[in-house]
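S.K.: Please find coords-v4.cif (mmCIF, N, CA and C atoms) on the next line:
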```cif
data_target
#
loop_
_atom_site.label_atom_id
_atom_site.label_comp_id
_atom_site.auth_asym_id
_atom_site.auth_seq_id
_atom_site.Cartn_x
_atom_site.Cartn_y
_atom_site.Cartn_z
N MET M 197 94.44 151.05 89.98
CA MET M 197 95.30 150.00 89.50
C MET M 197 94.45 148.94 88.81
N GLU M 198 94.89 148.48 87.70
CA GLU M 198 94.17 147.46 86.95
C GLU M 198 94.89 146.13 87.09
N ILE M 199 94.12 145.10 87.35
CA ILE M 199 94.70 143.76 87.48
C ILE M 199 94.53 143.04 86.15
N PRO M 200 95.62 142.57 85.56
CA PRO M 200 95.52 141.86 84.28
C PRO M 200 94.61 140.65 84.39
N GLN M 201 93.88 140.37 83.33
CA GLN M 201 93.01 139.20 83.33
C GLN M 201 93.84 137.93 83.49
N GLY M 202 93.26 136.97 84.17
CA GLY M 202 93.95 135.69 84.36
C GLY M 202 94.86 135.68 85.57
N THR M 203 94.94 136.80 86.29
CA THR M 203 95.74 136.81 87.52
C THR M 203 94.80 137.00 88.69
N SER M 204 95.27 136.73 89.86
CA SER M 204 94.43 136.88 91.04
C SER M 204 95.06 137.88 91.99
N THR M 205 94.21 138.54 92.76
CA THR M 205 94.70 139.45 93.78
C THR M 205 95.20 138.60 94.95
N PRO M 206 96.01 139.18 95.84
CA PRO M 206 96.48 138.40 97.00
C PRO M 206 95.33 137.79 97.80
N ALA M 207 94.20 138.51 97.90
CA ALA M 207 93.06 138.00 98.66
C ALA M 207 92.42 136.79 97.98
N GLU M 208 92.60 136.67 96.66
CA GLU M 208 92.00 135.56 95.93
C GLU M 208 92.95 134.38 95.75
N LYS M 209 94.22 134.59 96.06
CA LYS M 209 95.21 133.52 95.87
C LYS M 209 94.88 132.36 96.81
N LYS M 210 94.98 131.16 96.28
CA LYS M 210 94.63 129.98 97.08
C LYS M 210 95.88 129.23 97.51
N TYR M 211 95.78 128.65 98.68
CA TYR M 211 96.87 127.88 99.29
C TYR M 211 96.29 126.56 99.78
N ASP M 212 97.16 125.61 100.05
CA ASP M 212 96.74 124.34 100.63
C ASP M 212 96.82 124.44 102.15
N TYR M 213 95.77 124.03 102.81
CA TYR M 213 95.69 124.05 104.27
C TYR M 213 95.28 122.67 104.77
N SER M 214 95.57 122.41 106.03
CA SER M 214 95.01 121.26 106.73
C SER M 214 94.84 121.67 108.18
N VAL M 215 93.99 120.96 108.89
CA VAL M 215 93.73 121.26 110.30
C VAL M 215 94.24 120.10 111.13
N TRP M 216 95.04 120.44 112.13
CA TRP M 216 95.64 119.42 113.00
C TRP M 216 95.14 119.58 114.43
N ALA M 217 94.96 118.46 115.11
CA ALA M 217 94.77 118.45 116.57
C ALA M 217 96.14 118.12 117.16
N ILE M 218 96.56 118.92 118.11
CA ILE M 218 97.88 118.76 118.72
C ILE M 218 97.71 118.07 120.08
N PRO M 219 98.51 117.04 120.35
CA PRO M 219 98.37 116.33 121.63
C PRO M 219 98.84 117.21 122.80
N PRO M 220 98.44 116.84 124.02
CA PRO M 220 98.93 117.55 125.21
C PRO M 220 100.46 117.51 125.23
N GLU M 221 101.05 118.46 125.94
CA GLU M 221 102.51 118.61 125.94
C GLU M 221 103.25 117.34 126.35
N ASP M 222 102.77 116.64 127.39
CA ASP M 222 103.48 115.44 127.83
C ASP M 222 103.45 114.34 126.76
N VAL M 223 102.33 114.18 126.10
CA VAL M 223 102.22 113.18 125.03
C VAL M 223 103.06 113.62 123.83
N GLY M 224 102.98 114.91 123.49
CA GLY M 224 103.76 115.44 122.38
C GLY M 224 105.25 115.24 122.58
N THR M 225 105.72 115.45 123.80
CA THR M 225 107.14 115.27 124.11
C THR M 225 107.56 113.81 123.91
N ARG M 226 106.75 112.88 124.39
CA ARG M 226 107.07 111.46 124.21
C ARG M 226 107.07 111.07 122.74
N LEU M 227 106.09 111.56 122.00
CA LEU M 227 106.03 111.26 120.57
C LEU M 227 107.21 111.86 119.82
N LYS M 228 107.61 113.08 120.19
CA LYS M 228 108.76 113.72 119.53
C LYS M 228 110.03 112.90 119.74
N ARG M 229 110.23 112.38 120.95
CA ARG M 229 111.40 111.53 121.22
C ARG M 229 111.37 110.28 120.36
N LEU M 230 110.23 109.65 120.29
CA LEU M 230 110.07 108.45 119.47
C LEU M 230 110.32 108.77 117.99
N MET M 231 109.74 109.86 117.51
CA MET M 231 109.90 110.26 116.12
C MET M 231 111.36 110.61 115.81
N ALA M 232 112.03 111.28 116.74
CA ALA M 232 113.44 111.65 116.53
C ALA M 232 114.30 110.40 116.39
N GLY M 233 114.04 109.39 117.23
CA GLY M 233 114.79 108.14 117.14
C GLY M 233 114.58 107.44 115.81
N LEU M 234 113.34 107.39 115.36
CA LEU M 234 113.05 106.75 114.07
C LEU M 234 113.66 107.53 112.91
N THR M 235 113.59 108.86 113.00
CA THR M 235 114.16 109.70 111.93
C THR M 235 115.66 109.55 111.86
N SER M 236 116.33 109.50 113.02
CA SER M 236 117.79 109.38 113.00
C SER M 236 118.22 108.01 112.46
N GLU M 237 117.42 107.00 112.70
CA GLU M 237 117.78 105.66 112.23
C GLU M 237 117.39 105.41 110.77
N PHE M 238 116.22 105.92 110.37
CA PHE M 238 115.71 105.59 109.04
C PHE M 238 115.58 106.79 108.10
N GLY M 239 115.77 108.01 108.62
CA GLY M 239 115.56 109.21 107.80
C GLY M 239 114.08 109.55 107.74
N GLY M 240 113.78 110.64 107.09
CA GLY M 240 112.39 111.06 106.95
C GLY M 240 112.19 112.49 107.40
N PRO M 241 110.98 112.99 107.23
CA PRO M 241 110.69 114.38 107.55
C PRO M 241 110.58 114.60 109.06
N GLN M 242 110.77 115.83 109.47
CA GLN M 242 110.54 116.22 110.86
C GLN M 242 109.32 117.12 110.89
N PHE M 243 108.39 116.84 111.77
CA PHE M 243 107.18 117.64 111.90
C PHE M 243 106.61 117.43 113.29
N GLU M 244 105.67 118.27 113.66
CA GLU M 244 105.05 118.18 114.97
C GLU M 244 104.11 116.97 115.03
N PRO M 245 104.11 116.26 116.16
CA PRO M 245 103.13 115.19 116.33
C PRO M 245 101.72 115.80 116.28
N HIS M 246 100.83 115.16 115.56
CA HIS M 246 99.49 115.71 115.40
C HIS M 246 98.53 114.64 114.90
N VAL M 247 97.26 114.98 114.98
CA VAL M 247 96.20 114.20 114.35
C VAL M 247 95.65 115.09 113.24
N THR M 248 95.62 114.59 112.03
CA THR M 248 95.04 115.37 110.94
C THR M 248 93.53 115.28 111.05
N VAL M 249 92.91 116.43 111.31
CA VAL M 249 91.45 116.50 111.47
C VAL M 249 90.79 116.80 110.12
N VAL M 250 91.39 117.71 109.37
CA VAL M 250 90.94 118.03 108.01
C VAL M 250 92.16 117.92 107.12
N GLY M 251 92.11 117.05 106.13
CA GLY M 251 93.23 116.87 105.22
C GLY M 251 93.40 118.05 104.29
N ALA M 252 94.38 117.97 103.42
CA ALA M 252 94.73 119.07 102.52
C ALA M 252 93.51 119.57 101.74
N ILE M 253 93.29 120.88 101.84
CA ILE M 253 92.18 121.52 101.14
C ILE M 253 92.67 122.88 100.64
N THR M 254 92.30 123.25 99.44
CA THR M 254 92.76 124.48 98.82
C THR M 254 91.73 125.58 99.02
N LEU M 255 92.17 126.67 99.68
CA LEU M 255 91.29 127.80 100.01
C LEU M 255 92.06 129.10 99.94
N THR M 256 91.32 130.22 99.89
CA THR M 256 91.97 131.51 100.08
C THR M 256 92.28 131.64 101.57
N GLU M 257 93.20 132.52 101.91
CA GLU M 257 93.54 132.72 103.32
C GLU M 257 92.32 133.14 104.11
N GLN M 258 91.55 134.08 103.58
CA GLN M 258 90.36 134.58 104.27
C GLN M 258 89.34 133.46 104.49
N ASP M 259 89.11 132.67 103.47
CA ASP M 259 88.16 131.56 103.58
C ASP M 259 88.64 130.54 104.61
N ALA M 260 89.93 130.24 104.60
CA ALA M 260 90.50 129.29 105.57
C ALA M 260 90.31 129.80 107.00
N LEU M 261 90.60 131.08 107.22
CA LEU M 261 90.44 131.66 108.56
C LEU M 261 88.98 131.63 109.01
N GLU M 262 88.08 132.00 108.12
CA GLU M 262 86.65 132.00 108.47
C GLU M 262 86.17 130.59 108.80
N LYS M 263 86.54 129.63 107.99
CA LYS M 263 86.12 128.25 108.22
C LYS M 263 86.74 127.70 109.50
N PHE M 264 88.01 128.03 109.74
CA PHE M 264 88.69 127.55 110.95
C PHE M 264 88.02 128.13 112.20
N ASN M 265 87.80 129.44 112.21
CA ASN M 265 87.16 130.07 113.37
C ASN M 265 85.76 129.52 113.59
N SER M 266 85.03 129.30 112.52
CA SER M 266 83.69 128.73 112.63
C SER M 266 83.74 127.30 113.18
N ALA M 267 84.70 126.52 112.71
CA ALA M 267 84.84 125.14 113.17
C ALA M 267 85.23 125.08 114.64
N CYS M 268 86.01 126.06 115.11
CA CYS M 268 86.46 126.06 116.51
C CYS M 268 85.32 126.33 117.48
N ASP M 269 84.28 127.04 117.03
CA ASP M 269 83.13 127.29 117.90
C ASP M 269 82.48 125.97 118.27
N GLY M 270 82.35 125.73 119.54
CA GLY M 270 81.70 124.52 120.02
C GLY M 270 82.59 123.29 120.05
N LEU M 271 83.83 123.44 119.63
CA LEU M 271 84.75 122.30 119.64
C LEU M 271 85.58 122.33 120.92
N GLN M 272 85.72 121.19 121.55
CA GLN M 272 86.49 121.10 122.79
C GLN M 272 87.57 120.04 122.65
N ALA M 273 88.54 120.10 123.56
CA ALA M 273 89.58 119.07 123.58
C ALA M 273 88.90 117.72 123.78
N TYR M 274 89.50 116.69 123.20
CA TYR M 274 88.93 115.36 123.33
C TYR M 274 90.04 114.34 123.53
N ASN M 275 89.67 113.21 124.08
CA ASN M 275 90.62 112.12 124.29
C ASN M 275 90.67 111.24 123.06
N ALA M 276 91.84 110.72 122.79
CA ALA M 276 92.02 109.78 121.68
C ALA M 276 92.92 108.66 122.16
N THR M 277 92.64 107.46 121.71
CA THR M 277 93.42 106.29 122.08
C THR M 277 94.00 105.67 120.82
N VAL M 278 95.28 105.33 120.88
CA VAL M 278 95.93 104.69 119.74
C VAL M 278 95.41 103.26 119.62
N ASP M 279 94.98 102.92 118.43
CA ASP M 279 94.48 101.57 118.14
C ASP M 279 95.64 100.66 117.73
N ARG M 280 96.48 101.18 116.81
CA ARG M 280 97.64 100.38 116.37
C ARG M 280 98.60 101.24 115.57
N VAL M 281 99.79 100.70 115.37
CA VAL M 281 100.80 101.33 114.52
C VAL M 281 100.62 100.78 113.12
N ALA M 282 100.73 101.66 112.13
CA ALA M 282 100.59 101.23 110.74
C ALA M 282 101.72 101.82 109.91
N THR M 283 101.94 101.27 108.75
CA THR M 283 102.95 101.79 107.83
C THR M 283 102.28 102.08 106.49
N GLY M 284 102.89 103.00 105.77
CA GLY M 284 102.37 103.37 104.46
C GLY M 284 103.50 103.70 103.51
N THR M 285 103.13 104.09 102.32
CA THR M 285 104.13 104.41 101.30
C THR M 285 104.26 105.91 101.07
N PHE M 286 103.36 106.71 101.61
CA PHE M 286 103.40 108.15 101.46
C PHE M 286 104.51 108.71 102.35
N PHE M 287 105.31 109.65 101.83
CA PHE M 287 106.48 110.18 102.53
C PHE M 287 106.17 110.61 103.96
N TYR M 288 105.07 111.33 104.15
CA TYR M 288 104.74 111.84 105.49
C TYR M 288 103.97 110.83 106.32
N GLN M 289 103.70 109.68 105.77
CA GLN M 289 102.98 108.65 106.51
C GLN M 289 103.66 107.29 106.38
N CYS M 290 104.98 107.27 106.50
CA CYS M 290 105.67 105.99 106.39
C CYS M 290 105.39 105.13 107.63
N VAL M 291 105.29 105.75 108.80
CA VAL M 291 104.87 105.08 110.03
C VAL M 291 103.91 106.04 110.72
N TYR M 292 102.76 105.54 111.12
CA TYR M 292 101.80 106.42 111.77
C TYR M 292 100.95 105.62 112.75
N LEU M 293 100.25 106.34 113.60
CA LEU M 293 99.39 105.72 114.60
C LEU M 293 97.94 105.85 114.15
N LEU M 294 97.22 104.76 114.19
CA LEU M 294 95.79 104.79 113.89
C LEU M 294 95.04 104.93 115.21
N LEU M 295 94.10 105.85 115.25
CA LEU M 295 93.33 106.09 116.46
C LEU M 295 92.11 105.19 116.50
N HIS M 296 91.76 104.79 117.72
CA HIS M 296 90.51 104.06 117.91
C HIS M 296 89.37 105.03 117.59
N PRO M 297 88.40 104.63 116.77
CA PRO M 297 87.34 105.56 116.36
C PRO M 297 86.30 105.79 117.46
N MET M 298 86.76 106.35 118.58
CA MET M 298 85.87 106.67 119.68
C MET M 298 84.92 107.78 119.24
N PRO M 299 83.74 107.88 119.84
CA PRO M 299 82.77 108.91 119.44
C PRO M 299 83.36 110.32 119.41
N GLU M 300 84.19 110.68 120.40
CA GLU M 300 84.77 112.03 120.43
C GLU M 300 85.63 112.31 119.21
N VAL M 301 86.39 111.31 118.78
CA VAL M 301 87.28 111.46 117.63
C VAL M 301 86.46 111.60 116.35
N VAL M 302 85.48 110.73 116.19
CA VAL M 302 84.63 110.74 115.00
C VAL M 302 83.82 112.03 114.94
N GLU M 303 83.27 112.46 116.07
CA GLU M 303 82.47 113.68 116.10
C GLU M 303 83.30 114.92 115.81
N ALA M 304 84.51 115.00 116.36
CA ALA M 304 85.38 116.15 116.08
C ALA M 304 85.73 116.20 114.60
N SER M 305 86.01 115.06 114.03
CA SER M 305 86.33 115.01 112.60
C SER M 305 85.13 115.44 111.76
N ALA M 306 83.96 114.90 112.06
CA ALA M 306 82.75 115.26 111.31
C ALA M 306 82.43 116.74 111.46
N HIS M 307 82.57 117.26 112.66
CA HIS M 307 82.31 118.68 112.92
C HIS M 307 83.21 119.56 112.06
N CYS M 308 84.50 119.28 112.09
CA CYS M 308 85.46 120.12 111.37
C CYS M 308 85.37 119.95 109.85
N THR M 309 85.28 118.71 109.40
CA THR M 309 85.20 118.51 107.95
C THR M 309 83.92 119.11 107.40
N GLY M 310 82.86 119.10 108.19
CA GLY M 310 81.61 119.74 107.76
C GLY M 310 81.77 121.24 107.57
N HIS M 311 82.47 121.89 108.48
CA HIS M 311 82.70 123.34 108.37
C HIS M 311 83.56 123.68 107.16
N PHE M 312 84.47 122.80 106.81
CA PHE M 312 85.36 123.06 105.68
C PHE M 312 84.80 122.52 104.37
N GLY M 313 83.69 121.78 104.43
CA GLY M 313 83.14 121.19 103.22
C GLY M 313 84.09 120.16 102.63
N TYR M 314 84.85 119.52 103.51
CA TYR M 314 85.89 118.57 103.09
C TYR M 314 85.30 117.18 102.95
N LYS M 315 85.60 116.53 101.86
CA LYS M 315 85.18 115.15 101.65
C LYS M 315 86.40 114.26 101.81
N SER M 316 86.41 113.43 102.84
CA SER M 316 87.54 112.55 103.11
C SER M 316 87.62 111.44 102.09
N SER M 317 88.85 111.06 101.77
CA SER M 317 89.06 109.96 100.82
C SER M 317 89.05 108.61 101.53
N THR M 318 88.96 108.62 102.87
CA THR M 318 88.95 107.35 103.61
C THR M 318 87.61 107.11 104.24
#
```
Could you show the structure in this file as structure tokens?
M.R.:
Amino acid sequence: MEIPQGTSTPAEKKYDYSVWAIPPEDVGTRLKRLMAGLTSEFGGPQFEPHVTVVGAITLTEQDALEKFNSACDGLQAYNATVDRVATGTFFYQCVYLLLHPMPEVVEASAHCTGHFGYKSST
């Protein structure tokens, strides 16, 4: 089979990925209730409570899996503390929680972004 020039095979097709840290179930449940109340009153998207560890990055599926598995090696659950509530203009970040930059949070972020070669805009 010949692949026409200018097209990519499924293995070469790129998608946007991000890496999230998911809170423990009890915290996630409380956050979901809070988010549901805000969504019903003000509208907005529904999504799982999470901490974005690696922001949107474009990769092939294979590359994303390899980088994710590599990043998971040596990574452990960590504690995070909310510093404050903030608001923004981005649809998915109209209200969000800012985490206190404790060493565990900063180190997990640096570890993962390093594996993905991700350069943060913040």
S.K.: Any idea what the distance is between CA of Asn275 in chain M and CA of Arg226 in chain M?
M.R.: 16.5 Å
S.K.: In Å to one decimal, how far is CA of His246 in chain M from CA of Glu300 in chain M?
M.R.: 16.0 Å
S.K.: Just the number, please: distance in Å from atom N of Leu294 in chain M to atom N of Leu230 in chain M, one decimal.
M.R.: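 About the pair atom N of Leu294 in chain M and atom N of Leu230 in chain M: they are 15.2 Å apart.
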S.K.: Using the chain letters and numbers from the file, give me the residues hit by the PyMOL selection byres ((chain M and resi 249) around 5), as an mmCIF file with N, CA and C atoms, in the coordinates of the input.
M.R.:
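As written to disk, result.cif reads:
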```
data_model
loop_
_atom_site.group_PDB
_atom_site.id
_atom_site.type_symbol
_atom_site.label_atom_id
_atom_site.label_comp_id
_atom_site.auth_asym_id
_atom_site.auth_seq_id
_atom_site.Cartn_x
_atom_site.Cartn_y
_atom_site.Cartn_z
ATOM 1 N N VAL M 215 93.990 120.960 108.890
ATOM 2 C CA VAL M 215 93.730 121.260 110.300
ATOM 3 C C VAL M 215 94.240 120.100 111.130
ATOM 4 N N TRP M 216 95.040 120.440 112.130
ATOM 5 C CA TRP M 216 95.640 119.420 113.000
ATOM 6 C C TRP M 216 95.140 119.580 114.430
ATOM 7 N N ALA M 217 94.960 118.460 115.110
ATOM 8 C CA ALA M 217 94.770 118.450 116.570
ATOM 9 C C ALA M 217 96.140 118.120 117.160
ATOM 10 N N VAL M 247 97.260 114.980 114.980
ATOM 11 C CA VAL M 247 96.200 114.200 114.350
ATOM 12 C C VAL M 247 95.650 115.090 113.240
ATOM 13 N N THR M 248 95.620 114.590 112.030
ATOM 14 C CA THR M 248 95.040 115.370 110.940
ATOM 15 C C THR M 248 93.530 115.280 111.050
ATOM 16 N N VAL M 250 91.390 117.710 109.370
ATOM 17 C CA VAL M 250 90.940 118.030 108.010
ATOM 18 C C VAL M 250 92.160 117.920 107.120
ATOM 19 N N GLY M 251 92.110 117.050 106.130
ATOM 20 C CA GLY M 251 93.230 116.870 105.220
ATOM 21 C C GLY M 251 93.400 118.050 104.290
#
```
S.K.: Find the residues around Ala252 in chain M up to 7 Å (only N, CA and C atoms counted), leave out those fewer than 6 positions away in its own chain, and share them as a ChimeraX atom specification.
M.R.: /M:212-215
S.K.: Could you pull out the helix (DSSP H, G or I) residues of chain M from DSSP and send them as a PyMOL selection string?
M.R.: chain M and resi 221-238+257-268+287-289+299-312
